[in-house]
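**Q** The structure's right below; bear with me while I get my questions together.
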Amino acid sequence: MPKPVSPAELDKVIHERARLAIVAALAAVEDMTFIELKDAAGMTDGNLSVHARVLESSGYVAIAKRFVGLKPQTSLSLTPSGRAAFRRYLDQLERIVAQGRRPR
Amino acid sequence: MEPDIEAREAAEHLAAIRRIMESATKITALPGKAALTGGALALGGCAGSYALMRSLDFAALAGLPASKRAAVIALWGGVGILAVLCDVVLSVRLARRNGRSPWSRLEQLALYAMGPCLGVALALTLALGARGDWGLAPGIWMMLYGAGVWMTGILSVRAPGVLGLAFLAAGVLTLFWLSAFGLLMIALTFGLGHIVYGAYLLRRFGD
């Protein structure tokens with residue numbers, strides 16, 4: 001039987017709702033532009049900037065700036081440790097759901 | 001502070017994650033430039049057809065000399081092939097730029113949605129054309145193209161679904177009431193409609 005998950009084990013950086021939306025959106029693709037991510041995660045510019053910076057400082061998200069033609073473009077992607085943390089977080093959520101279904 | 005989470009909340013989190021991951025995959029597959037190019041090609045096709053037919057009604061094709069009729073048919077064949085080529089090239093370029101496979105499950109499903117619809121439109125047009133009844137062709141193409149785009153919209157963000165429904169509505173109008181203005185309706189839908197749609201995609205999602 002898998003080890004029960006305690007709430008304290010959950011990754012607090014990912015568990016925050018807005019940051020979870022960012023990580024989930026980025027987990028589905030290689031990378032996304034700031035505008036695409038804003039749309040996918042349903043966030044405002046300011047909110048996305050703040051939370052993306054938190055994820056960047058935790059080493060979960062890489063932010064790259066480049067020029068497409070003459071226009072600057074910001075793109076974001078999950079780092080390998082971000083992907084690993086997301087997989088771990090998903091696994092923990094699934095175990096919490098399974099624990100809830102088990103008769104007590 | 002420790003996160004406090006119960007099974008029900010964890011299940012809600014998982015459902016939200018699934019929704020976000022789906023929408024992220026969908027959004028990044030829309031090439032706005034392909035729609036703009038398709039629209040411009042359609043407008044070119046309309047101008048060329050009017051120069052050859054001197055009528056807004058495709059029924060006039062039946063009364064044209066065989067060479068002119070063949071020229072109009074070849075013109076639209078060329079427009080269709082060019083539009084598909086542009087769509088493929090621009091979609092592949094967009095996918096590569098975004099680091100995705102250009103032949104993802106999403107693109108495959110879009111082809112499965114569009115392919116049969118366009119095939120049926122072509123078969124119906126040829127069958128009706130063989131009977132000299134070209135006037136219904138614009139409405140048929142609008143409706144079947146609209147059905148295909150609407151189906152693609154199920155796999156994508158809201159915009160293709162809205163475009164598909166607009167084509168379906170325009171197709172019904174053209175088929176039942178406006179077949180005498182078929183060429184004008186094609187210019188409005190396949191031409192201007194695609195240009196507005198492409199401009200929206202570029203503005204909303206960038207290149």
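Convention: chains lettered A, B, ... in structure tokens order; per-chain residue numbering from 1; ligands numbered from 1 as shown.
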Based on DSSP run over this structure's backbone, return all residues of chain A in helix (DSSP H, G or I), as number ranges by chain.
**A** A: 7-9, 12-15, 17-27, 34-41, 45-57, 80-101
**Q** Write the residues you've just listed into a file as a PDB file, in the first residue's frame, and include C-alpha atoms for each of them.
**A**
```pdb
ATOM      1  CA  PRO A   7      -0.523  17.957   3.544  1.00  0.00           C
ATOM      2  CA  ALA A   8       2.869  19.193   4.752  1.00  0.00           C
ATOM      3  CA  GLU A   9       4.556  17.218   1.944  1.00  0.00           C
ATOM      4  CA  LYS A  12       3.963  25.085  -1.405  1.00  0.00           C
ATOM      5  CA  VAL A  13       5.365  26.866  -4.471  1.00  0.00           C
ATOM      6  CA  ILE A  14       3.202  24.831  -6.873  1.00  0.00           C
ATOM      7  CA  HIS A  15       0.199  24.433  -4.582  1.00  0.00           C
ATOM      8  CA  ARG A  17      -3.686  28.319  -7.278  1.00  0.00           C
ATOM      9  CA  ALA A  18      -2.237  30.858  -9.731  1.00  0.00           C
ATOM     10  CA  ARG A  19       1.181  29.209  -9.829  1.00  0.00           C
ATOM     11  CA  LEU A  20      -0.438  25.800 -10.280  1.00  0.00           C
ATOM     12  CA  ALA A  21      -2.287  27.171 -13.341  1.00  0.00           C
ATOM     13  CA  ILE A  22       1.019  28.428 -14.807  1.00  0.00           C
ATOM     14  CA  VAL A  23       2.842  25.162 -14.180  1.00  0.00           C
ATOM     15  CA  ALA A  24      -0.064  23.048 -15.512  1.00  0.00           C
ATOM     16  CA  ALA A  25      -0.258  25.109 -18.724  1.00  0.00           C
ATOM     17  CA  LEU A  26       3.505  24.933 -19.278  1.00  0.00           C
ATOM     18  CA  ALA A  27       3.567  21.196 -18.546  1.00  0.00           C
ATOM     19  CA  PHE A  34       3.572  35.346 -22.224  1.00  0.00           C
ATOM     20  CA  ILE A  35       0.304  36.150 -24.066  1.00  0.00           C
ATOM     21  CA  GLU A  36      -0.535  32.493 -24.725  1.00  0.00           C
ATOM     22  CA  LEU A  37       0.153  31.604 -21.113  1.00  0.00           C
ATOM     23  CA  LYS A  38      -1.930  34.525 -19.859  1.00  0.00           C
ATOM     24  CA  ASP A  39      -4.848  33.183 -21.893  1.00  0.00           C
ATOM     25  CA  ALA A  40      -4.370  29.524 -20.939  1.00  0.00           C
ATOM     26  CA  ALA A  41      -4.019  30.260 -17.221  1.00  0.00           C
ATOM     27  CA  ASP A  45      -0.449  40.633 -16.939  1.00  0.00           C
ATOM     28  CA  GLY A  46       0.554  41.737 -13.452  1.00  0.00           C
ATOM     29  CA  ASN A  47      -0.526  38.549 -11.719  1.00  0.00           C
ATOM     30  CA  LEU A  48       1.256  36.376 -14.260  1.00  0.00           C
ATOM     31  CA  SER A  49       4.460  38.428 -13.975  1.00  0.00           C
ATOM     32  CA  VAL A  50       4.526  38.182 -10.177  1.00  0.00           C
ATOM     33  CA  HIS A  51       3.865  34.434 -10.003  1.00  0.00           C
ATOM     34  CA  ALA A  52       6.145  33.628 -12.944  1.00  0.00           C
ATOM     35  CA  ARG A  53       8.986  35.383 -11.110  1.00  0.00           C
ATOM     36  CA  VAL A  54       8.320  33.300  -7.968  1.00  0.00           C
ATOM     37  CA  LEU A  55       8.458  30.119 -10.075  1.00  0.00           C
ATOM     38  CA  GLU A  56      11.613  31.339 -11.810  1.00  0.00           C
ATOM     39  CA  SER A  57      13.346  32.032  -8.491  1.00  0.00           C
ATOM     40  CA  PRO A  80      13.486  19.819 -15.758  1.00  0.00           C
ATOM     41  CA  SER A  81      13.194  20.368 -11.997  1.00  0.00           C
ATOM     42  CA  GLY A  82       9.866  22.152 -12.575  1.00  0.00           C
ATOM     43  CA  ARG A  83       8.569  19.170 -14.544  1.00  0.00           C
ATOM     44  CA  ALA A  84       9.775  16.770 -11.870  1.00  0.00           C
ATOM     45  CA  ALA A  85       8.150  18.870  -9.118  1.00  0.00           C
ATOM     46  CA  PHE A  86       4.876  18.987 -11.077  1.00  0.00           C
ATOM     47  CA  ARG A  87       4.894  15.198 -11.580  1.00  0.00           C
ATOM     48  CA  ARG A  88       5.580  14.741  -7.857  1.00  0.00           C
ATOM     49  CA  TYR A  89       2.760  17.144  -6.984  1.00  0.00           C
ATOM     50  CA  LEU A  90       0.308  15.296  -9.292  1.00  0.00           C
ATOM     51  CA  ASP A  91       1.306  11.988  -7.736  1.00  0.00           C
ATOM     52  CA  GLN A  92       0.678  13.395  -4.259  1.00  0.00           C
ATOM     53  CA  LEU A  93      -2.740  14.773  -5.255  1.00  0.00           C
ATOM     54  CA  GLU A  94      -3.723  11.399  -6.704  1.00  0.00           C
ATOM     55  CA  ARG A  95      -2.660   9.666  -3.515  1.00  0.00           C
ATOM     56  CA  ILE A  96      -4.699  12.132  -1.414  1.00  0.00           C
ATOM     57  CA  VAL A  97      -7.749  11.409  -3.608  1.00  0.00           C
ATOM     58  CA  ALA A  98      -7.159   7.656  -3.236  1.00  0.00           C
ATOM     59  CA  GLN A  99      -6.774   8.002   0.551  1.00  0.00           C
ATOM     60  CA  GLY A 100     -10.125   9.811   0.659  1.00  0.00           C
ATOM     61  CA  ARG A 101     -11.847   6.968  -1.218  1.00  0.00           C
TER      62      ARG A 101
END
```
**Q** One decimal, Å: what's the distance from atom CA of Asp31 of chain A over to atom CA of Ser77 of chain A, could you say?
**A**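 Separation between atom CA of Asp31 of chain A and atom CA of Ser77 of chain A: 4.4 Å.
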**Q** Give me the residues of segment 128-170 of chain B that have any atom at most 12 Å from an atom of segment 72-77 of chain B; for each, the nearest atom pair and the distance in Å, rounded to one decimal. Use only C-alpha atoms, sort by chain and number, and format it as a tab-separated table.
**A**
```
residue	atom	partner	partner_atom	distance
B:Gly129	CA	B:Ile73	CA	10.0
B:Trp134	CA	B:Ile73	CA	10.5
B:Ala137	CA	B:Ile73	CA	11.4
B:Pro138	CA	B:Trp76	CA	11.3
B:Trp141	CA	B:Trp76	CA	11.7
```
**Q** What separation in Å, quoted to one decimal, exists between atom CA of Phe167 of chain B and atom CA of Gly45 of chain B?
**A**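 The value is 17.9 Å.
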**Q** Which of these, B:Pro160, B:Gly132, B:Gly80, B:Gly115, has the shortest distance to Ala60 of chain B once you count only C-alpha atoms?
**A** B:Gly132
**Q** Can you pull out the residues contacting Ser49 of chain B? Cut-off 12 Å, using only C-alpha atoms, and skip same-chain residues under 4 positions away; I want them as an NGL selection string.
**A** :B and (42-45 or 53-58 or 60-61 or 64 or 68-77 or 79 or 182-184 or 186-187)
**Q** Please, could you write that set of residues out with N, CA, C and O atoms as a tab-separated table (two decimals), in the first residue's frame?
**A**
```
chain	number	residue	atom	x	y	z
B	42	ALA	N	-8.85	34.04	-51.50
B	42	ALA	CA	-10.28	33.94	-51.85
B	42	ALA	C	-10.75	35.22	-52.54
B	42	ALA	O	-11.51	35.17	-53.52
B	43	LEU	N	-10.32	36.38	-52.00
B	43	LEU	CA	-10.72	37.64	-52.65
B	43	LEU	C	-10.16	37.72	-54.07
B	43	LEU	O	-10.85	38.17	-55.00
B	44	GLY	N	-8.92	37.24	-54.24
B	44	GLY	CA	-8.33	37.19	-55.58
B	44	GLY	C	-9.14	36.29	-56.50
B	44	GLY	O	-9.41	36.63	-57.66
B	45	GLY	N	-9.56	35.14	-55.95
B	45	GLY	CA	-10.38	34.21	-56.73
B	45	GLY	C	-11.70	34.83	-57.14
B	45	GLY	O	-12.18	34.65	-58.27
B	53	MET	N	-16.75	35.73	-65.47
B	53	MET	CA	-18.20	35.43	-65.56
B	53	MET	C	-19.05	36.68	-65.82
B	53	MET	O	-20.13	36.58	-66.34
B	54	ARG	N	-18.57	37.83	-65.36
B	54	ARG	CA	-19.36	39.08	-65.42
B	54	ARG	C	-20.71	38.89	-64.72
B	54	ARG	O	-21.73	39.42	-65.17
B	55	SER	N	-20.71	38.12	-63.64
B	55	SER	CA	-21.94	37.90	-62.87
B	55	SER	C	-21.56	37.49	-61.46
B	55	SER	O	-20.47	36.94	-61.24
B	56	LEU	N	-22.47	37.78	-60.51
B	56	LEU	CA	-22.22	37.35	-59.13
B	56	LEU	C	-22.80	35.96	-58.87
B	56	LEU	O	-22.64	35.40	-57.79
B	57	ASP	N	-23.53	35.44	-59.88
B	57	ASP	CA	-24.22	34.16	-59.72
B	57	ASP	C	-23.44	33.06	-60.43
B	57	ASP	O	-23.22	33.13	-61.64
B	58	PHE	N	-23.04	32.04	-59.66
B	58	PHE	CA	-22.28	30.95	-60.28
B	58	PHE	C	-23.13	30.17	-61.29
B	58	PHE	O	-22.57	29.41	-62.10
B	60	ALA	N	-24.32	31.34	-63.73
B	60	ALA	CA	-23.93	31.87	-65.04
B	60	ALA	C	-22.85	31.02	-65.70
B	60	ALA	O	-22.66	31.10	-66.92
B	61	LEU	N	-22.18	30.20	-64.91
B	61	LEU	CA	-21.13	29.33	-65.46
B	61	LEU	C	-21.68	28.43	-66.58
B	61	LEU	O	-20.98	28.16	-67.57
B	64	LEU	N	-21.55	29.94	-70.01
B	64	LEU	CA	-20.25	30.42	-70.52
B	64	LEU	C	-19.67	29.42	-71.53
B	64	LEU	O	-19.97	28.23	-71.47
B	68	LYS	N	-13.97	29.29	-70.88
B	68	LYS	CA	-14.09	30.21	-69.73
B	68	LYS	C	-14.54	29.45	-68.48
B	68	LYS	O	-14.09	29.73	-67.37
B	69	ARG	N	-15.46	28.51	-68.68
B	69	ARG	CA	-15.93	27.71	-67.54
B	69	ARG	C	-14.75	26.94	-66.93
B	69	ARG	O	-14.57	26.92	-65.72
B	70	ALA	N	-13.96	26.36	-67.82
B	70	ALA	CA	-12.78	25.61	-67.34
B	70	ALA	C	-11.81	26.55	-66.60
B	70	ALA	O	-11.21	26.16	-65.59
B	71	ALA	N	-11.70	27.79	-67.08
B	71	ALA	CA	-10.79	28.75	-66.44
B	71	ALA	C	-11.26	29.08	-65.03
B	71	ALA	O	-10.44	29.17	-64.10
B	72	VAL	N	-12.60	29.27	-64.87
B	72	VAL	CA	-13.13	29.57	-63.52
B	72	VAL	C	-12.89	28.39	-62.58
B	72	VAL	O	-12.45	28.56	-61.43
B	73	ILE	N	-13.16	27.18	-63.10
B	73	ILE	CA	-12.97	25.98	-62.26
B	73	ILE	C	-11.49	25.84	-61.88
B	73	ILE	O	-11.15	25.58	-60.72
B	74	ALA	N	-10.61	26.05	-62.86
B	74	ALA	CA	-9.16	25.94	-62.59
B	74	ALA	C	-8.72	27.02	-61.60
B	74	ALA	O	-7.89	26.77	-60.72
B	75	LEU	N	-9.31	28.21	-61.74
B	75	LEU	CA	-8.97	29.31	-60.83
B	75	LEU	C	-9.27	28.91	-59.38
B	75	LEU	O	-8.43	29.06	-58.49
B	76	TRP	N	-10.48	28.35	-59.14
B	76	TRP	CA	-10.85	27.97	-57.77
B	76	TRP	C	-10.07	26.76	-57.29
B	76	TRP	O	-9.76	26.64	-56.10
B	77	GLY	N	-9.75	25.86	-58.24
B	77	GLY	CA	-8.89	24.73	-57.87
B	77	GLY	C	-7.54	25.24	-57.39
B	77	GLY	O	-7.02	24.80	-56.35
B	79	VAL	N	-6.86	28.28	-56.23
B	79	VAL	CA	-7.04	29.00	-54.95
B	79	VAL	C	-7.08	28.00	-53.79
B	79	VAL	O	-6.42	28.19	-52.76
B	182	GLY	N	-23.90	34.54	-55.04
B	182	GLY	CA	-22.94	33.56	-54.50
B	182	GLY	C	-21.52	34.09	-54.45
B	182	GLY	O	-20.82	33.88	-53.45
B	183	LEU	N	-21.10	34.76	-55.52
B	183	LEU	CA	-19.71	35.25	-55.57
B	183	LEU	C	-19.46	36.31	-54.48
B	183	LEU	O	-18.42	36.31	-53.82
B	184	LEU	N	-20.46	37.18	-54.30
B	184	LEU	CA	-20.35	38.21	-53.26
B	184	LEU	C	-20.27	37.55	-51.88
B	184	LEU	O	-19.47	37.96	-51.02
B	186	ILE	N	-19.16	34.59	-51.19
B	186	ILE	CA	-17.83	33.95	-51.03
B	186	ILE	C	-16.80	35.02	-50.63
B	186	ILE	O	-15.96	34.79	-49.76
B	187	ALA	N	-16.90	36.19	-51.29
B	187	ALA	CA	-15.96	37.27	-50.96
B	187	ALA	C	-16.13	37.68	-49.49
B	187	ALA	O	-15.15	37.95	-48.79
```
**Q** Would you return as a list of chain:residue names the members of segment 1-86 of chain A that DSSP assigns to strand (DSSP E or B) on this structure's backbone?
**A** A:Met32, A:Thr33, A:Val61, A:Ala62, A:Ile63, A:Ala64, A:Lys65, A:Arg66, A:Phe67, A:Val68, A:Lys71, A:Pro72, A:Gln73, A:Thr74, A:Ser75, A:Leu76, A:Ser77, A:Leu78
**Q** Atoms to include: all heavy atoms. Write the selected residues as a short mmCIF file (atom, residue, chain, number, x, y, z; two decimals), in the first residue's frame.
**A**
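Written file, out_14.cif:
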```
data_model
loop_
_atom_site.label_atom_id
_atom_site.label_comp_id
_atom_site.auth_asym_id
_atom_site.auth_seq_id
_atom_site.Cartn_x
_atom_site.Cartn_y
_atom_site.Cartn_z
N MET A 32 5.71 28.52 -24.01
CA MET A 32 4.57 29.36 -24.40
C MET A 32 4.99 30.81 -24.33
O MET A 32 5.83 31.17 -23.49
CB MET A 32 3.41 29.18 -23.40
CG MET A 32 2.55 28.00 -23.64
SD MET A 32 1.24 27.98 -22.41
CE MET A 32 -0.15 27.96 -23.49
N THR A 33 4.37 31.64 -25.19
CA THR A 33 4.64 33.07 -25.06
C THR A 33 3.85 33.58 -23.85
O THR A 33 2.91 32.92 -23.39
CB THR A 33 4.19 33.85 -26.31
OG1 THR A 33 2.78 33.76 -26.41
CG2 THR A 33 4.84 33.31 -27.57
N VAL A 61 10.68 27.47 -13.47
CA VAL A 61 10.31 28.04 -14.76
C VAL A 61 11.50 28.84 -15.31
O VAL A 61 12.18 29.53 -14.56
CB VAL A 61 9.06 28.96 -14.61
CG1 VAL A 61 8.90 29.90 -15.78
CG2 VAL A 61 7.81 28.11 -14.45
N ALA A 62 11.73 28.70 -16.63
CA ALA A 62 12.76 29.51 -17.30
C ALA A 62 12.05 30.56 -18.14
O ALA A 62 11.08 30.26 -18.84
CB ALA A 62 13.62 28.63 -18.19
N ILE A 63 12.51 31.79 -18.03
CA ILE A 63 11.90 32.88 -18.79
C ILE A 63 12.94 33.39 -19.79
O ILE A 63 14.07 33.71 -19.42
CB ILE A 63 11.46 34.04 -17.86
CG1 ILE A 63 10.45 33.50 -16.84
CG2 ILE A 63 10.84 35.18 -18.68
CD1 ILE A 63 10.00 34.51 -15.81
N ALA A 64 12.54 33.40 -21.08
CA ALA A 64 13.48 33.84 -22.12
C ALA A 64 12.88 35.01 -22.89
O ALA A 64 11.67 35.02 -23.17
CB ALA A 64 13.78 32.70 -23.08
N LYS A 65 13.71 35.99 -23.17
CA LYS A 65 13.24 37.13 -23.97
C LYS A 65 13.97 37.10 -25.30
O LYS A 65 15.18 36.87 -25.35
CB LYS A 65 13.53 38.44 -23.25
CG LYS A 65 12.64 38.62 -22.02
CD LYS A 65 12.94 39.93 -21.33
CE LYS A 65 12.36 39.99 -19.94
NZ LYS A 65 10.92 39.95 -19.88
N ARG A 66 13.20 37.29 -26.39
CA ARG A 66 13.83 37.30 -27.72
C ARG A 66 13.05 38.26 -28.61
O ARG A 66 11.96 38.72 -28.23
CB ARG A 66 13.84 35.90 -28.31
CG ARG A 66 12.44 35.33 -28.49
CD ARG A 66 12.43 33.95 -29.07
NE ARG A 66 11.06 33.45 -29.08
CZ ARG A 66 10.68 32.31 -29.60
NH1 ARG A 66 11.56 31.54 -30.16
NH2 ARG A 66 9.43 31.93 -29.59
N PHE A 67 13.59 38.51 -29.79
CA PHE A 67 12.89 39.35 -30.75
C PHE A 67 12.34 38.50 -31.88
O PHE A 67 13.06 37.68 -32.44
CB PHE A 67 13.83 40.43 -31.32
CG PHE A 67 13.93 41.62 -30.41
CD1 PHE A 67 14.85 41.67 -29.38
CD2 PHE A 67 13.06 42.69 -30.58
CE1 PHE A 67 14.92 42.75 -28.53
CE2 PHE A 67 13.12 43.80 -29.73
CZ PHE A 67 14.06 43.82 -28.71
N VAL A 68 11.05 38.68 -32.17
CA VAL A 68 10.47 38.05 -33.36
C VAL A 68 10.23 39.20 -34.33
O VAL A 68 9.31 40.00 -34.13
CB VAL A 68 9.16 37.32 -33.01
CG1 VAL A 68 8.53 36.73 -34.26
CG2 VAL A 68 9.44 36.22 -32.00
N LYS A 71 9.55 42.83 -32.87
CA LYS A 71 8.78 42.83 -31.61
C LYS A 71 9.44 41.96 -30.55
O LYS A 71 9.82 40.82 -30.82
CB LYS A 71 7.36 42.33 -31.87
CG LYS A 71 6.49 43.38 -32.54
CD LYS A 71 5.02 43.04 -32.43
CE LYS A 71 4.61 42.01 -33.42
NZ LYS A 71 3.19 41.68 -33.44
N PRO A 72 9.57 42.48 -29.31
CA PRO A 72 10.11 41.64 -28.24
C PRO A 72 9.08 40.58 -27.84
O PRO A 72 7.87 40.87 -27.83
CB PRO A 72 10.36 42.63 -27.11
CG PRO A 72 9.46 43.77 -27.38
CD PRO A 72 9.20 43.82 -28.86
N GLN A 73 9.55 39.39 -27.55
CA GLN A 73 8.63 38.33 -27.13
C GLN A 73 9.21 37.60 -25.92
O GLN A 73 10.39 37.23 -25.92
CB GLN A 73 8.43 37.35 -28.27
CG GLN A 73 7.29 36.37 -28.03
CD GLN A 73 7.15 35.38 -29.17
OE1 GLN A 73 8.01 34.55 -29.41
NE2 GLN A 73 6.07 35.48 -29.90
N THR A 74 8.36 37.44 -24.91
CA THR A 74 8.79 36.72 -23.71
C THR A 74 8.20 35.32 -23.77
O THR A 74 6.99 35.17 -24.00
CB THR A 74 8.28 37.43 -22.44
OG1 THR A 74 8.76 38.77 -22.47
CG2 THR A 74 8.75 36.74 -21.19
N SER A 75 9.04 34.31 -23.62
CA SER A 75 8.49 32.96 -23.59
C SER A 75 8.91 32.27 -22.30
O SER A 75 9.97 32.56 -21.73
CB SER A 75 8.92 32.16 -24.82
OG SER A 75 10.29 31.98 -24.82
N LEU A 76 8.04 31.39 -21.84
CA LEU A 76 8.26 30.70 -20.58
C LEU A 76 8.22 29.19 -20.81
O LEU A 76 7.45 28.72 -21.66
CB LEU A 76 7.19 31.09 -19.55
CG LEU A 76 7.11 32.57 -19.19
CD1 LEU A 76 6.09 33.27 -20.05
CD2 LEU A 76 6.75 32.74 -17.74
N SER A 77 9.02 28.48 -20.06
CA SER A 77 9.00 27.02 -20.16
C SER A 77 9.30 26.43 -18.78
O SER A 77 9.89 27.09 -17.92
CB SER A 77 10.02 26.53 -21.18
OG SER A 77 11.30 26.97 -20.80
N LEU A 78 8.88 25.18 -18.60
CA LEU A 78 9.19 24.50 -17.34
C LEU A 78 10.62 23.98 -17.41
O LEU A 78 11.03 23.44 -18.44
CB LEU A 78 8.25 23.31 -17.14
CG LEU A 78 6.91 23.52 -16.47
CD1 LEU A 78 6.28 22.18 -16.15
CD2 LEU A 78 7.04 24.33 -15.19
#
```
**Q** Tell me, as number ranges by chain, which residues lie within 10 Å of Gly32 of chain B, counting only C-alpha atoms; anything in the same chain fewer than 2 positions away does not count.
**A** B: 29-30, 34-38, 87, 90-91, 94, 194-207
